[in-house]
Each structure stands twice: as C-alpha cells, then as structure tokens.
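The block underneath contains the structure these notes are about, expressed in structure tokens.
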Amino acid sequence: MKAVNIHPTGVEFRPDSRRVVVRPFIPADPSLIDHTIQRALSLSEEQTDGQLEHLGVDFAARHIDLDQSWLRHFEKVRPHIPGGQELSERRKLFIGALFSGEYALESAALFNPSIVPCPDQSGVAEGDLRFIMSLRATGEGHISSIEFRAGVIHADHTVEMEKATPFVTLSTVNPNPTFHKATFTHKLNEMGLENPWSESVLAPLGKSFTLDELDASIEPAAARESVPPSHEIVRTMECMHWLAESNYEIHFKSSTAVSERIISPISPNESNGIEDARFVRFVDNDGSVLYYATYTAYNGRVILPQLIETTDFLNFRVRTLNGLAAQNKGMALFPRRVGGRYAMISRQDDENILLMFSDNPHFWSNPEILLRPEQPWEFVKLGNCGSPLETEAGWLVLTHGVGPMREYCIGAMLLDLEDPSKVTGRLRSPLLRSEGAAREGYVPNVVYSCGALIHNGRLILPYGLSDSASAIVTVELSELLAELRK
C-alpha cells in the first residue's frame with residue numbers, strides 16, 4: 001500500500017496527427033526556387049485557377065486563413081520573380097502554395113505538461129478553478145513546440161477539459177521588437193563580445209531601442225571599416241543579430257481558441273525545438289501578476305535556457321536569460337519573491353538540484369546545491385518538475401529522479417518558506433513512477449512533469465507518459481505533507 005494515494009482523473013492527452021500547420025517549404029538552393037517559379041509562370045491564368053480550386057478542395061477545411069499563409073510564403077520568394085513583374089493575386093497564391101507544406105506538430109508526442117490558473121476566472125462556479133495547461137508537442141524531425149489546453153477543476157476535484165478544436169494557429173511575430181540596452185549589453189559582455197566595435201554600435205542608441213534602430217546603427221559602423229572587417233568584427237556582427245533574433249514578441253488574435261495557439265520555433269537558437277516550458281503564475285510585491293515560463297531552446301548542437309513572459313496568453317515576450325547560471329535544463333521560478341528577491345531552482349551540473357536568488361528575473365548567477373541524489377531511484381540525477389508550490393508547511397517542490405535503466409520517477413521535497421535553502425522534508429520513495437502500459441512509449445519508463453498546482457486541498461498533477469502522451473492525477477495534499485514531514 002502506497003503511503004500517498006494517487007487519484008486518476010481519467011483525463012489523458014494523446015498526440016493527434018490531424019492537427020497541422022502550414023509552414024514554409026523553401027529549398028536552400030536558389031536555383032531550385034527559380035526553376036519552380038518558372039514552371040508556375042508557364043501556366044495560364046485559367047490553369048492556375050484550376051490548380052487553386054483543387055488545392056482548396058484538398059486543404060481549405062484543414063486550416064484557418066490558408067490564403068494568408070500562402071501569401072506570406074509567396075513574399076519570401078518574391079525576389080526570385082523574373083524582372084520583378086507584377087502577378088495576379090491568384091498566381092501569387094499558387095506560387096505561395098508551391099513553397100508551403102503541412103506539418104503535424106504533435107504527430108510524435110504530446111507530453112511534459114505544466115498547469116497554471118487561467119488569467120480569466122469570470123463565469124466560473126464557486127469552488128471551481130479555470131486553468132491553462134502547456135504541453136510539449138513533438139512532430140517530424142523531433143522538433144518541439146508549445147501547445148495549450150484549457151479546462152476547469154471542479155470543487156470535487158474532477159477535471160473537465162475544453163474540447164480542442166481541429167485547427168492550430170501560428171503566432172504573428174512582431175517584426176520590430178524592442179530591447180533594453182542594459183540587458184542587451186550585459187548579454188554581449190557575457191558572450192565575450194565587449195569590444196570597441198560593439199560599443200560604437202550601441203553608443204548612439206537610447207536606453208531602449210528597436211531591431212530597426214539596431215540594424216541602422218550596425219550598417220554605418222560596418223561601413224567605417226576602411227579594410228575588410230576583421231574576424232572579430234564579423235563574429236560580433238553575427239552575434240548581435242543572433243542575440244536580437246533570440247528576443248522577440250509574438251501575438252495571437254483574441255478570437256483564437258486556447259487550443260489553437262502554438263508557440264513554434266522562431267529564432268535560430270531554437271531551430272530544433274522549444275522544450276519543456278515550465279509556466280508559473282508570479283505575483284509581485286505590489287500584487288501585479290505576470291506569467292513566466294522557462295524553457296529550453298535547442299538548435300541541434302547546444303541548448304539555451306530562455307524566458308517567456310505573458311499576462312493574457314495572447315501576447316508573449318521571449319527573452320534570453322543572462323548570467324553564468326543560465327545554462328543546462330530545468331530552471332523553475334518561485335511564484336513570488338522570497339526575502340525580497342526572485343528565487344529559482346535549477347540543475348546546472350546535470351546531477352543535483354540547485355537554488356539561486358536574483359534582483360532581476362533575467363539575470364542569474366551563484367547557484368548553490370540544494371539537494372543531492374540520495375535514494376537508488378535518483379542515483380543518476382535529480383531535477384525539478386516545475387516551480388515550487390506554496391503551502392503553510394513550506395515550499396512543495398516536485399522532483400524527478402533518474403535511476404537504474406534510465407527510469408524517471410516523480411518525487412517531492414519540502415523547503416522552509418522563509419529560507420528555501422533549508423530542506424525540511426523529502427520522500428524516500430517515488431510519488432509516481434511508470435507502471436503497466438504507461439511504461440511504453442517513445443522513451444520508455446518515464447514520468448515527468450513541468451508544473452502542478454494546488455486546489456481545494458489537492459495537488460493537481462499533470463505529467464508526461466514515456467515522452468508520448470500526458471495524463472492528470474490528483475493527490476491529497478495533507479497525505480503528501482504528512483509523508484514529507486516523517
């Protein structure tokens with residue numbers, strides 16, 4: 001008999017390969033683009049119309065604003081139109097379709113969820129809580145995006161999910177985001193790019209500047225070089241662009257359903273995926289609320305922790321994290337300041353759970369080890385399963401431990417409310433482990449969560465099943481705290 005009882009809710013999330021987005025399908029070889037366009041221009045207007053009618057029958061019902069996607073992709077290849085000739089709207093659509101393709105963004109997996117209270121609780125019955133859940137969706141090429149679902153936890157702890165629509169919608173990217181000079185400069189220095197040339201680029205800019213203003217300052221600085229620019233200058237220029245592209249803003253229309261909103265890779269440093277977002281509802285000292293999420297950006301070679309900020313889950317700001325401690329996976333922010341400072345748990349050394357504090361949520365350094373592996377089921381490594389949860393007994397932190405045969409289990413520890421560097425309790429046995437059919441999946445023997453919440457005396461715990469699907473269980477909070485206090 002387990003010391004802590006697990007209560008299934010019957011809610012599961014399985015990948016659905018029918019949920020597809022339209023993304024660019026443009027060859028890297030410019031000659032192939034030219035050849036495709038030449039063949040498209042060889043058709044008459046009537047033939048072009050016929051092709052578009054067939055495409056409409058096959059694809060229009062699978063997407064929202066399909067024509068807009070085709071026109072956006074046409075603009076990407078417009079410079080290849082011979083002589084810059086003006087084309088009819090229908091021919092633009094057909095050429096855009098030639099350079100488009102469907103991508104089933106959750107065809108492989110839908111896993112590693114986190115859950116937070118929804119910003120809008122209007123119309124919710126007394127004792128109920130509306131929530132938003134993020135999930136890691138993985139498709140072709142093992143490229144991950146962030147999806148969302150919405151639902152209600154009722155007073156009796158039953159969970160009711162809003163039905164996901166068959167559509168998914170990519171965000172609109174702000175083409176000219178704003179940057180804070182102090183933060184931008186700090187990150188450049190951290191990257192070892194503090195030099196006279198970068199200083200000459202930044203000097204004319206104000207305390208805040210746009211991407212267009214940065215480009216306008218880079219161009220004359222490059223032109224001032226009387227000889228071909230040195231390797232250092234070229235690298236600095238490239239890295240300044242890379243850093244700017246890694247900080248962006250995206251938006252969704254208010255009419256877009258929660259399940260239709262997709263945050264897909266945009267910047268070069270996340271070209272191979274956005275992984276394991278840990279969302280947290282952060283309440284500042286003045287009572288203001290901001291939702292943060294740390295996630296792992298992956299470009300196929302290295303990983304980089306990033307930070308998402310939103311107030312409404314419609315408008316998102318994505319920022320790089322700065323400081324020597326902004327590395328490795330599993331950074332999770334506390335839901336409020338502790339002792340007047342921001343606090344974060346993390347795993348910089350890929351083995352232990354660490355704790356750090358900061359006066360700025362974008363800068364992190366000086367982590368200290370909080371917890372080391374102790375039990376056999378966590379001998380290989382320890383990490384967190386999302387942000388700490390505040391209880392009257394202390395900060396409840398869900399953990400993941402990796403043990404023999406690379407089995408991932410979910411555990412828990414308790415930290416002192418005023419001084420979270422003090423561990424006041426921890427489970428000796430896993431709270432949750434993969435059992436039965438849940439063991440089988442893309443990566444066997446794994447249970448993993450990126451964030452839970454507490455409602456009406458229950459821990460509401462969504463978790464991933466073997467990197468394939470997700471489920472939700474609940475745990476009586478009093479039982480869990482009693483076990484942690486032993």
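Simple scheme: letters A, B, ... for chains in structure tokens order, numbers from 1 for residues in each chain, numbers from 1 for ligands in the order shown.
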*For stretch 341-351 of chain A, work out the shell of residues within 7 Å, counting only C-alpha atoms and skipping chain neighbours fewer than 2 positions away, then give it as a list in words.*
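Contacts, in chain order: Ala325, Gln327, Asn328, Lys329, Gly330, Met331, Ala332, Leu333, Phe334, Arg337, Val338, Gly339, Ile353, Leu354, Leu355, Met356, Phe357, Ser358, Asp359, Asn360, Pro361, Lys381, Leu382 and Gly383 of chain A.
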Please produce a file of the residues just selected, as a JSON list (two decimals), in the first residue's frame, where the atoms kept are C-alpha atoms.
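What ended up in result-v8.json:
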[["chain", "number", "residue", "atom", "x", "y", "z"],
["A", 325, "ALA", "CA", 23.95, 30.22, -14.09],
["A", 327, "GLN", "CA", 22.71, 27.09, -18.52],
["A", 328, "ASN", "CA", 21.54, 23.49, -18.70],
["A", 329, "LYS", "CA", 17.90, 22.44, -18.33],
["A", 330, "GLY", "CA", 15.23, 22.65, -15.69],
["A", 331, "MET", "CA", 15.20, 26.23, -14.43],
["A", 332, "ALA", "CA", 11.97, 26.92, -12.48],
["A", 333, "LEU", "CA", 11.00, 30.24, -10.90],
["A", 334, "PHE", "CA", 9.36, 30.58, -7.47],
["A", 337, "ARG", "CA", 9.80, 36.92, -4.23],
["A", 338, "VAL", "CA", 11.47, 35.31, -1.24],
["A", 339, "GLY", "CA", 13.16, 37.71, 1.15],
["A", 353, "ILE", "CA", 19.10, 20.43, -7.60],
["A", 354, "LEU", "CA", 20.45, 23.94, -7.03],
["A", 355, "LEU", "CA", 19.00, 27.17, -5.66],
["A", 356, "MET", "CA", 19.79, 30.77, -6.58],
["A", 357, "PHE", "CA", 18.49, 34.28, -5.96],
["A", 358, "SER", "CA", 18.47, 37.43, -8.07],
["A", 359, "ASP", "CA", 17.26, 41.03, -8.06],
["A", 360, "ASN", "CA", 16.30, 40.68, -11.73],
["A", 361, "PRO", "CA", 14.42, 37.72, -13.28],
["A", 381, "LYS", "CA", 20.49, 12.61, -11.40],
["A", 382, "LEU", "CA", 17.91, 14.85, -9.77],
["A", 383, "GLY", "CA", 15.86, 17.70, -11.20]]
*asked:* Which residues are close to stretch 454-463 of chain A, i.e. within 7 Å by only C-alpha atoms, leaving aside same-chain residues fewer than 2 positions away? Reply as an NGL selection string.
replied: :A and (112-114 or 155 or 447-449 or 452 or 465 or 470-477)
_strand (DSSP E) per DSSP on the backbone: members of stretch 5-218 of chain A, as an NGL selection string_ = :A and (6-13 or 20-24 or 100-104 or 109-117 or 129-138 or 144-153 or 159-161 or 169-170 or 172-173 or 178-180 or 208-210)
Can you write just those residues out, C-alpha atoms, as a PDB file, in the first residue's frame?
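Wrote it out as out-v8.pdb, contents follow:
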ATOM      1  CA  ILE A   6      -2.800   8.676  -6.329  1.00  0.00           C
ATOM      2  CA  HIS A   7      -6.240   9.561  -7.706  1.00  0.00           C
ATOM      3  CA  PRO A   8      -6.575   9.278 -11.511  1.00  0.00           C
ATOM      4  CA  THR A   9      -8.883  11.806 -13.175  1.00  0.00           C
ATOM      5  CA  GLY A  10      -9.381   9.869 -16.394  1.00  0.00           C
ATOM      6  CA  VAL A  11      -8.036  12.837 -18.376  1.00  0.00           C
ATOM      7  CA  GLU A  12      -5.417  11.950 -20.966  1.00  0.00           C
ATOM      8  CA  PHE A  13      -3.836  13.766 -23.889  1.00  0.00           C
ATOM      9  CA  VAL A  20      -1.411  20.514 -38.774  1.00  0.00           C
ATOM     10  CA  VAL A  21       0.053  23.925 -39.525  1.00  0.00           C
ATOM     11  CA  VAL A  22       1.225  25.412 -42.809  1.00  0.00           C
ATOM     12  CA  ARG A  23       4.894  26.285 -42.766  1.00  0.00           C
ATOM     13  CA  PRO A  24       7.408  27.346 -45.465  1.00  0.00           C
ATOM     14  CA  SER A 100       4.306  25.591 -48.429  1.00  0.00           C
ATOM     15  CA  GLY A 101       3.821  22.305 -46.650  1.00  0.00           C
ATOM     16  CA  GLU A 102       1.767  20.866 -43.825  1.00  0.00           C
ATOM     17  CA  TYR A 103       3.496  19.988 -40.569  1.00  0.00           C
ATOM     18  CA  ALA A 104       1.827  17.734 -37.984  1.00  0.00           C
ATOM     19  CA  ALA A 109       4.180  13.106 -28.888  1.00  0.00           C
ATOM     20  CA  LEU A 110       2.201  15.418 -26.616  1.00  0.00           C
ATOM     21  CA  PHE A 111       3.835  15.404 -23.203  1.00  0.00           C
ATOM     22  CA  ASN A 112       5.606  17.177 -20.300  1.00  0.00           C
ATOM     23  CA  PRO A 113       2.752  19.484 -19.254  1.00  0.00           C
ATOM     24  CA  SER A 114       2.639  22.393 -16.826  1.00  0.00           C
ATOM     25  CA  ILE A 115      -0.530  23.924 -15.385  1.00  0.00           C
ATOM     26  CA  VAL A 116      -1.435  27.395 -14.015  1.00  0.00           C
ATOM     27  CA  PRO A 117      -4.645  29.222 -13.082  1.00  0.00           C
ATOM     28  CA  LEU A 129     -10.857  26.890 -10.996  1.00  0.00           C
ATOM     29  CA  ARG A 130     -10.261  27.503 -14.695  1.00  0.00           C
ATOM     30  CA  PHE A 131      -6.725  26.617 -15.776  1.00  0.00           C
ATOM     31  CA  ILE A 132      -4.405  26.740 -18.754  1.00  0.00           C
ATOM     32  CA  MET A 133      -2.070  23.853 -19.457  1.00  0.00           C
ATOM     33  CA  SER A 134       1.008  23.946 -21.639  1.00  0.00           C
ATOM     34  CA  LEU A 135       2.245  20.812 -23.404  1.00  0.00           C
ATOM     35  CA  ARG A 136       5.322  19.954 -25.386  1.00  0.00           C
ATOM     36  CA  ALA A 137       4.212  18.883 -28.855  1.00  0.00           C
ATOM     37  CA  THR A 138       6.741  16.970 -30.964  1.00  0.00           C
ATOM     38  CA  SER A 144       9.092  20.553 -30.369  1.00  0.00           C
ATOM     39  CA  SER A 145       6.615  23.409 -29.976  1.00  0.00           C
ATOM     40  CA  ILE A 146       4.413  24.641 -27.130  1.00  0.00           C
ATOM     41  CA  GLU A 147       0.683  23.901 -27.263  1.00  0.00           C
ATOM     42  CA  PHE A 148      -2.043  24.948 -24.830  1.00  0.00           C
ATOM     43  CA  ARG A 149      -5.255  23.445 -23.450  1.00  0.00           C
ATOM     44  CA  ALA A 150      -7.884  24.918 -21.139  1.00  0.00           C
ATOM     45  CA  GLY A 151     -10.152  23.309 -18.589  1.00  0.00           C
ATOM     46  CA  VAL A 152     -11.847  23.559 -15.193  1.00  0.00           C
ATOM     47  CA  ILE A 153     -11.040  21.811 -11.921  1.00  0.00           C
ATOM     48  CA  VAL A 159     -11.344  17.812 -14.221  1.00  0.00           C
ATOM     49  CA  GLU A 160     -13.295  18.981 -17.246  1.00  0.00           C
ATOM     50  CA  MET A 161     -11.306  19.857 -20.382  1.00  0.00           C
ATOM     51  CA  THR A 169      -2.676  28.741 -35.475  1.00  0.00           C
ATOM     52  CA  LEU A 170       0.857  30.046 -35.628  1.00  0.00           C
ATOM     53  CA  THR A 172       2.136  36.685 -35.544  1.00  0.00           C
ATOM     54  CA  VAL A 173       5.692  37.823 -34.928  1.00  0.00           C
ATOM     55  CA  THR A 178      12.160  46.498 -28.507  1.00  0.00           C
ATOM     56  CA  PHE A 179      15.298  45.792 -26.461  1.00  0.00           C
ATOM     57  CA  HIS A 180      16.671  47.275 -23.231  1.00  0.00           C
ATOM     58  CA  SER A 208      15.548  51.158 -25.254  1.00  0.00           C
ATOM     59  CA  PHE A 209      15.872  50.542 -28.966  1.00  0.00           C
ATOM     60  CA  THR A 210      14.153  48.611 -31.733  1.00  0.00           C
TER      61      THR A 210
END
*Quick one, how far is atom CA of A:Ala482 from atom CA of A:Arg372?*
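It comes out at 22.0 Å.
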*Rounded to one decimal place, report the atom CA of A:Gln121-atom CA of A:His154 distance in Å.*
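Atom CA of A:Gln121 sits 12.7 Å away from atom CA of A:His154.
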_So that I can see what lies close to A:Phe74, please list as a ChimeraX atom specification the residues with an atom at most 12 Å from it, counting only C-alpha atoms and leaving out residues fewer than 5 positions away in the same chain._
/A:23-26,33,37,67-69,79-81,87,89-100
*Check the smallest atom-to-atom distance from each of A:Ala469, A:Val4, A:Val57, A:Val446 to A:Asp16 using only C-alpha atoms, then report the winner.*
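Among A:Ala469, A:Val4, A:Val57, A:Val446, it is A:Ala469 that comes nearest to A:Asp16.
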*Backbone DSSP call of helix (DSSP H, G or I) for stretch 280-440 of chain A, listed as an MDAnalysis selection string*: chainID A and resid 376:378 404:406 436:439
Keeping only N, CA and C atoms, write the selected residues to a file as a CSV table (one decimal), in the first residue's frame.
chain,number,residue,atom,x,y,z
A,376,PRO,N,18.2,5.2,-4.3
A,376,PRO,CA,18.6,4.5,-5.6
A,376,PRO,C,17.8,4.9,-6.8
A,377,TRP,N,16.5,5.3,-6.7
A,377,TRP,CA,15.7,5.7,-7.8
A,377,TRP,C,16.1,7.1,-8.3
A,378,GLU,N,17.1,7.7,-7.7
A,378,GLU,CA,17.5,9.0,-8.1
A,378,GLU,C,19.1,9.1,-8.1
A,404,PRO,N,18.3,3.3,-12.1
A,404,PRO,CA,18.7,2.2,-12.9
A,404,PRO,C,17.8,2.1,-14.2
A,405,MET,N,18.4,1.7,-15.3
A,405,MET,CA,17.7,1.5,-16.5
A,405,MET,C,17.1,2.8,-17.1
A,406,ARG,N,17.6,3.9,-16.6
A,406,ARG,CA,17.2,5.3,-17.0
A,406,ARG,C,15.7,5.4,-16.8
A,436,GLY,N,2.8,-0.5,-15.7
A,436,GLY,CA,1.8,-1.0,-16.7
A,436,GLY,C,2.0,-0.5,-18.1
A,437,ALA,N,0.9,-0.2,-18.8
A,437,ALA,CA,1.0,0.3,-20.1
A,437,ALA,C,1.7,1.7,-20.2
A,438,ALA,N,1.7,2.4,-19.1
A,438,ALA,CA,2.3,3.8,-19.1
A,438,ALA,C,3.8,3.7,-19.3
A,439,ARG,N,4.4,2.5,-19.1
A,439,ARG,CA,5.9,2.3,-19.3
A,439,ARG,C,6.3,2.5,-20.8
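Within the 9 Å cut-off around A:Leu243, using only C-alpha atoms and omitting residues fewer than 5 positions from it on the same chain, the listed residues are Phe184, Lys187, Leu188, Glu238 and Thr320 of chain A.
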Requested write-out: C-alpha atoms of the selected residues, as a PDB file, in the first residue's frame:
ATOM      1  CA  PHE A 184      21.456  43.609 -24.314  1.00  0.00           C
ATOM      2  CA  LYS A 187      24.473  39.583 -22.579  1.00  0.00           C
ATOM      3  CA  LEU A 188      27.023  40.709 -25.196  1.00  0.00           C
ATOM      4  CA  GLU A 238      26.702  37.977 -36.435  1.00  0.00           C
ATOM      5  CA  THR A 320      17.291  35.253 -23.304  1.00  0.00           C
TER       6      THR A 320
END
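Using only C-alpha atoms for every distance, the candidate list A:Leu55, A:Ala203, A:Leu417, A:Val77 yields A:Val77 as the residue closest to A:Ala28.
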*Write out as a PyMOL selection string which residues come within 12 Å of A:Glu194 when counting only C-alpha atoms, dropping same-chain ones fewer than 3 positions away.*
chain A and resi 184-191+197-202+232-233+235-237+239-240
